[in-house]
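Engineer: Have a look at this one.
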Amino acid sequence: MVSTASASFDSQRLNAIKERIRNGEHRQHRRASAPDVLAEVGAAGLSWPRRAARLVRRMCEAEEPVIGPDERIVFTRTTPEVPPVYLADEWQRVTAGRTIHELGPVNNICADWGMVLSQGLLGRKRVARQTRARLAGDPAAQEFLDGAIETIDAVMDLAGRYRAAAARAGRHDLAEILARVPAHPPRTFHEALQALRLLHAVLWLGGHYQAGLGRFDQYLWPYLAADLTGGRLTRASAEELVAEFFLSLNKDSDLYPGVQQGDNGQTLMLGGVRRDGSDGVNELTRIALRAALFTEMIDPKINLRMSPRTDLSLLCLASELTRQGLGFPQYSNDEVVIPALAAHGYDLEDARDYCVAACWEFIIPGKGMEVVNIGAVSLPGAVDRGIREGLARGDDFNGILARTAVDIRRQVGDLTERYSRLLLPPAPYHSVLMDGCLERGRDLSGGLRYNNFGIHGACAANAADALAAVKRTVFEERSVEPRELIAALDANFDGHEPLRGRLLQQAPKVGNDPEADAFLSGLFDMFAEACEATQDNGRGGRVRPGCGSAMYYLWLAQGQPGDSTPPIGATADGRVRGDFFSANLAPSPQAQVRGPLSVLQAFSRIDYSRVYNGGPITMELADASFSDPEALAKCATLVRIFAQLGCQQLQLNALNAQKLRDAKRHPERHRNLIVRVWGWSGYFCELEPAYQDHVIARCEHRL
Amino acid sequence: MSHGIVFDIREFALHDGPGIRTTVFLKGCPLRCSWCHNPEGQSGQPQEIGAGSHRRIVGRRYEAADLAALLNRQAPILAANNGGITFSGGEPLLQAQFIAEVIEGLNGLPVLLDTSGYSSEAQFRLVAAKCQMVFFDVKLIDAEAHRRFTGADNAPILANLRRLGEMEVPFVVRVPLVPGVTDTRTNLSAIAGAVHRLPGLVRVDLLRYNRAAGGKYASFGMPFRPGFDESAEVNLDPEPFTALGIEVRIPGDEPGRRINA
């Protein structure tokens with residue numbers, strides 16, 4: 001079935017736009033040089049907050065309006081580079097002794113787009129002015145608010161130049177929209193999407209990244225509902241606008257920073273309950289899913305909130321999207337996520353309003369300055385050290401478990417200690433888009449309502465399998481001598497093939513044996529306990545344990561440039577040095593499992609009331625599984641079972657091994673082939689070979 | 001308490017019956033269909049395949065109570081989603097007593113029997129009477145052709161088919177479409193004639209021939225000699241059935257789906 005056949009609008013115009021974006025035609029408008037902000041702010045000796053505001057202003061000013069002849073939602077970035085605001089040695093000085101997260105700028109949080117749209121930038125400016133008058137004696141507040149106003153004016157000026165360019169091009173429809181937004185609240189759904197496009201794009205211009213779109217079908221629904229009722233739009237014309245908006249998000253993917261291209265965090269959340277707890281699914285939920293079916297590109301990354309009661313027809317529509325193979329949508333179970341957030345300091349109404357950060361981490365739009373990925377705890381590393389030390393010193397099995405727990409605490413402690421010295425650069429424009437920054441006269445970087453950290457608990461299945469194998473072979477059957485096991489691991493199983501075979505074939509594995517499943521949930525209990533030991537992360541927040549692996553399934557196994565210690569060697573689950581670990585929550589790549597029900601049951605045993613930073617169960621299905629309507633409905637039912645079992649998050653990937661292998665050999669034939677990598681989807685042919693190989697291996701071990 | 005030999009257990013089997021189902025594949029088959037996709041189902045004994053650390057045994061012995069307990073771990077999920085357990089093979093009726101005991105231990109889960117129909121009357125009645133649905137393969141009506149392509153007489157199969165019609169168990173007739181062998185208009189018309197008056201017939205499924213059929217033979221040290229032109233187009237015309245008012249389905253292709261029972 002060809003997905004584009006499902007578009008309910010005349011898709012000729014958008015197919016042309018899609019083709020142009022895929023061919024990169026919009027890149028012809030990019031200019032080589034970035035504005036020299038450094039010279040200006042250095043000569044004026046500006047403070048960091050003022051430098052940050054000036055950067056946004058000069059970047060907006062440097063943009064040359066581009067009005068595509070057939071575009072109804074405009075903005076095409078023309079300044080690819082974000083220039084620095086400090087010289088390298090100045091940067092060293094201002095950040096001395098502090099921990100800088102990733103590239104530095106505030107990232108991986110979500111704005112309160114609904115609030116900004118409803119107030120308009122002029123409304124935000126009024127708030128800033130009122131606070132400025134109220135806090136007349138507070139110089140830090142004055143400086144912050146002056147900077148915030150500078151950025152607001154810069155965005156309105158950019159919109160004004162787009163309006164003028166549209167008028168010159170004879171596009172009075174666009175000019176009229178741009179005369180209204182983003183300064184004023186939108187009057188229509190179309191105006192709201194145009195405002196969102198500009199407001200969101202400027203975040204990236206200012207150096208922020210992994211900027212998500214939040215609960216799209218919630219904050220935009222009032223605008224669409226009014227247009228549908230008023231007869232200004234039909235469902236088909238609304239779907240066309242949403243599809244065009246989605247396409248526009250793909251123009252600049254190549255400019256966004258990430259571990260691999262595609263890892264850009266342009267997530268979008270659909271479905272779920274409203275702040276009052278009532279069902280939030282509406283017509284826009286379905287329109288957005290259908291628009292994503294049409295778009296077939298890596299952005300936005302579609303997430304769907306659901307529960308055991310979610311309508312099967314909605315899950316069938318979502319499964320059609322899964323069938324496309326892009327790895328969308330990722331599902332989150334409201335019934336598990338909301339109570340866990342509410343139990344950890346989130347107001348119940350805010351907890352009900354959650355969306356996800358770049359990959360899967362649960363965050364509250366507009367309300368958090370959380371750093372949800374300060375690093376990963378290597379669970380295979382903790383277990384490996386526990387086994388080696390414990391066997392060397394003649395421990396019983398409980399001794400090995402105790403050592404593992406100590407190692408996990410040490411890893412959490414190291415990460416938390418490092419991030420207690422976190423320094424976030426001022427973020428005046430991002431502050432405009434959040435709740436409470438302008439209102440309190442305080443920059444976002446200083447903190448907001450929620451200030452937690454998150455840590456990934458990576459590669460749990462291999463770690464649990466290693467524990468299960470040692471317990472079974474060394475302590476119960478006594479068929480393996482401790483010294484023999486250590487020697488085999490040190491030799492990477494060279495000359496120990498029969499032992500490796502026993503560990504692989506006969507020891508219990510997560511996904512096919514309740515004992516191994518129990519070790520997995522036990523490891524997460526240890527991890528949760530270690531995180532709970534931190535009462536204050538240095539920013540008034542806690543440390544949230546999660547169960548995603550991100551790129552660590554590869555980094556921990558094969559190392560990466562700059563590692564201070566060598567990667568883990570062979571492990572007691574029978575894995576040889578260099579082999580991938582399991583990605584996110586999945587059985588280890590070597591384990592033979594009976595199927596998806598056993599996998600869901602295994603991971604349903606994790607105590608998600610304590611492990612609440614997110615991290616999906618990741619399953620691969622052959623794309624042919626979705627071939628007829630009955631099978632599609634069964635896939636939708638599988639998603640419902642995921643929720644019925646009390647699991648937290650799910651990625652379902654439809655893969656075709658033959659196609660992937662062909663794409664590796666002949667990238668030119670598959671340039672639009674999109675695959676889920678860890679918490680995001682990217683173009684297969686743009687991934688490095690190691691990541692391509694992992695996707696192919698996952699597919700060959702599919703359920 | 002009896003035991004049985006199982007060569008695979010697959011959850012979320014999409015084309016083995018209604019709802020969310022787990023399929024148990026029993027090892028051993030009295031037929032030798034030349035197009036068989038599951039050569040590991042033919043011998044009734046466990047077999048060793050692979051080498052080195054990849055060496056593994058195909059075929060595992062279960063006590064009936066243990067297999068029932070394993071399946072019961074997921075009984076609530078299967079029951080809540082209109083599913084159940086499917087027994088397939090191989091030919092499950094070669095282990096009829098074992099299956100009957102497993103079914104007794106199943107906490108009332110709906111059971112589907114997926115059979116070639118080749119068994120004694122007693123074995124057939126023992127299991128079919130405990131099932132909520134039967135998938136019954138009918139391959140060839142012509143006795144000589146049946147012997148040539150499956151190595152077995154089809155008289156017991158057709159007798160069990162008639163018995164099934166009298167048992168008030170709803171059933172689906174499944175026809176593997178093998179190019180030039182089973183997909184001929186003559187054969188399909190004969191099958192339609194044999195089944196269309198049987199009470200309990202729900203529909204006929206026409207199963208496309210899967211060209212990956214020979215893929216597994218090498219691992220088992222067996223030659224694959226299909227004895228027909230694998231690349232020929234399959235005749236998917238359902239007219240011989242629809243003309244008699246029989247509902248026909250052609251399930252979507254799925255790699256690895258088994259066709260022979």
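In the structure tokens, the first chain shown is A, the next is B, and so on; residue numbers restart at 1 for each chain, and ligands run from 1 in the order shown.
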Taking the DSSP secondary structure from the backbone, can you list the residues of stretch 558-701 of chain A that are helix (DSSP H, G or I), as a ChimeraX atom specification?
Structural biologist: /A:558,596-604,623-626,629-644,657-665,667-669,684-686,689-700
Engineer: Give me the residues near B:Phe87 as an NGL selection string, where near means some atom within 10 Å (using only C-alpha atoms) and where sequence neighbours in that chain fewer than 4 positions away do not count.
Structural biologist: :B and (9 or 16 or 22-26 or 91-93 or 99 or 103 or 111-115 or 131 or 134-135)
Engineer: Residues near A:Gly24, anyone? I mean within 12 Å using only C-alpha atoms, not counting same-chain ones fewer than 5 positions away, as a list of chain:residue names.
Structural biologist: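 After dropping sequence-adjacent residues, the list is A:Ile17, A:Lys18, A:Glu19, A:His29, A:Arg30, A:Thr76, A:Asn250, A:Lys251, A:Asp252, A:Ser253, A:Asp254.
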Engineer: Keeping C-alpha atoms, export the residues of the selection given above as a PDB file, in the first residue's frame.
Structural biologist:
ATOM      1  CA  ILE A  17       7.790  20.863  -2.009  1.00  0.00           C
ATOM      2  CA  LYS A  18       8.781  17.467  -0.573  1.00  0.00           C
ATOM      3  CA  GLU A  19      10.852  16.682  -3.643  1.00  0.00           C
ATOM      4  CA  HIS A  29      19.805  30.265  -0.284  1.00  0.00           C
ATOM      5  CA  ARG A  30      22.372  29.587   2.428  1.00  0.00           C
ATOM      6  CA  THR A  76      13.993  29.013   5.077  1.00  0.00           C
ATOM      7  CA  ASN A 250      12.984  18.961   7.473  1.00  0.00           C
ATOM      8  CA  LYS A 251      14.656  21.858   5.685  1.00  0.00           C
ATOM      9  CA  ASP A 252      17.429  22.325   8.183  1.00  0.00           C
ATOM     10  CA  SER A 253      17.945  18.817   9.597  1.00  0.00           C
ATOM     11  CA  ASP A 254      21.455  18.731   8.164  1.00  0.00           C
TER      12      ASP A 254
END
Engineer: How far is it from atom CA of A:Thr637 to atom CA of A:Arg274, in Å with one decimal?
Structural biologist: 23.9 Å
Engineer: Fewer than 4 positions away in the same chain doesn't count, so skip those; otherwise give me all residues within 6 Å of A:Gly457, counting only C-alpha atoms, as a list in words.
Structural biologist: Ala376, Val377, Gly546 and Cys547 of chain A
Engineer: Counting only C-alpha atoms, figure out which residue out of B:Met222, B:Val181, B:Ala155, B:Leu78 gets nearest to chain A.
Structural biologist: B:Leu78
Engineer: Hey, what's within 12 Å of A:Asp525 if we count only C-alpha atoms and toss same-chain stuff fewer than 6 positions away? As a count of residues only, please?
Structural biologist: 23
Engineer: Quick one: pick out all strand (DSSP E or B) residues within stretch 339-462 of chain A from a backbone DSSP run and write them as an MDAnalysis selection string.
Structural biologist: chainID A and resid 355:356 362:363 368 371:378 422 450 453:458
Engineer: So that I can check the surroundings of A:Cys110, please list as number ranges by chain every protein, DNA and RNA residue that reaches within 10 Å of it, counting only C-alpha atoms and ignoring chain neighbours fewer than 3 positions away.
Structural biologist: A: 107, 113, 210-215, 266-268, 354-358, 363-370, 430, 433-434
Engineer: Only residues of chain A matter here; which ones have an atom within 8 Å of chain B, counting only C-alpha atoms? Give them as a list in words.
Structural biologist: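 Close to chain B, chain A has Glu497, Pro498, Arg500, Gly501, Arg502, Leu504, Gln505, Arg594, Gly595, Pro596, Leu597, Ser598, Ala624, Ser625, Ser627, Asp628, Ala631, Lys634, Thr637, Leu638 and Ile641 of chain A.
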Engineer: Please compute the atom CA of B:Arg197-atom CA of B:Arg162 distance, one decimal, in Å.
Structural biologist: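 According to the coordinates, atom CA of B:Arg197 and atom CA of B:Arg162 are separated by 10.0 Å.
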Engineer: Kindly give the distance, in Å, that separates atom CA of A:Ser319 and atom CA of A:Phe603, rounded to a single decimal.
Structural biologist: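 Spanning atom CA of A:Ser319 to atom CA of A:Phe603 is a straight-line distance of 21.2 Å.
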Engineer: Using only C-alpha atoms, which of the listed residues (A:Ser278, A:Ser8, A:Gln651, A:Thr322) sits closest to A:Arg352?
Structural biologist: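 Going through A:Ser278, A:Ser8, A:Gln651, A:Thr322 one by one, the smallest distance to A:Arg352 is for A:Ser278.
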Engineer: Using only C-alpha atoms, which of the listed residues (B:Ala143, B:Ala128, B:Val234, B:Val248) sits closest to B:Arg174?
Structural biologist: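 That would be B:Val248, the residue with the smallest distance to B:Arg174.
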Engineer: Near B:Asn235, within 9 Å and counting only C-alpha atoms, which residues show up once chain neighbours fewer than 2 positions away are dropped, as a PDB file with C-alpha atoms, in the first residue's frame?
Structural biologist:
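Listing of result_26.pdb after writing:
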ATOM      1  CA  LEU B 177      -1.172 -22.857  -3.667  1.00  0.00           C
ATOM      2  CA  VAL B 178       1.779 -24.623  -5.248  1.00  0.00           C
ATOM      3  CA  PRO B 179       2.277 -23.582  -8.867  1.00  0.00           C
ATOM      4  CA  GLY B 180       1.176 -26.256 -11.295  1.00  0.00           C
ATOM      5  CA  ASP B 183      -3.350 -24.373  -7.846  1.00  0.00           C
ATOM      6  CA  THR B 184      -4.894 -25.945 -10.942  1.00  0.00           C
ATOM      7  CA  ARG B 185      -8.508 -25.140 -11.641  1.00  0.00           C
ATOM      8  CA  ARG B 208       0.445 -18.230  -1.651  1.00  0.00           C
ATOM      9  CA  GLU B 233       2.955 -17.659 -11.331  1.00  0.00           C
ATOM     10  CA  ASP B 237      -8.419 -17.174  -8.795  1.00  0.00           C
ATOM     11  CA  PRO B 238     -10.930 -17.915  -6.023  1.00  0.00           C
TER      12      PRO B 238
END
Engineer: Pick the closest to A:Asn23 from A:Asn672, A:Leu600, A:Ile338, A:Glu102: which is it, counting only C-alpha atoms?
Structural biologist: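 Ranking A:Asn672, A:Leu600, A:Ile338, A:Glu102 by distance to A:Asn23, first place goes to A:Asn672.
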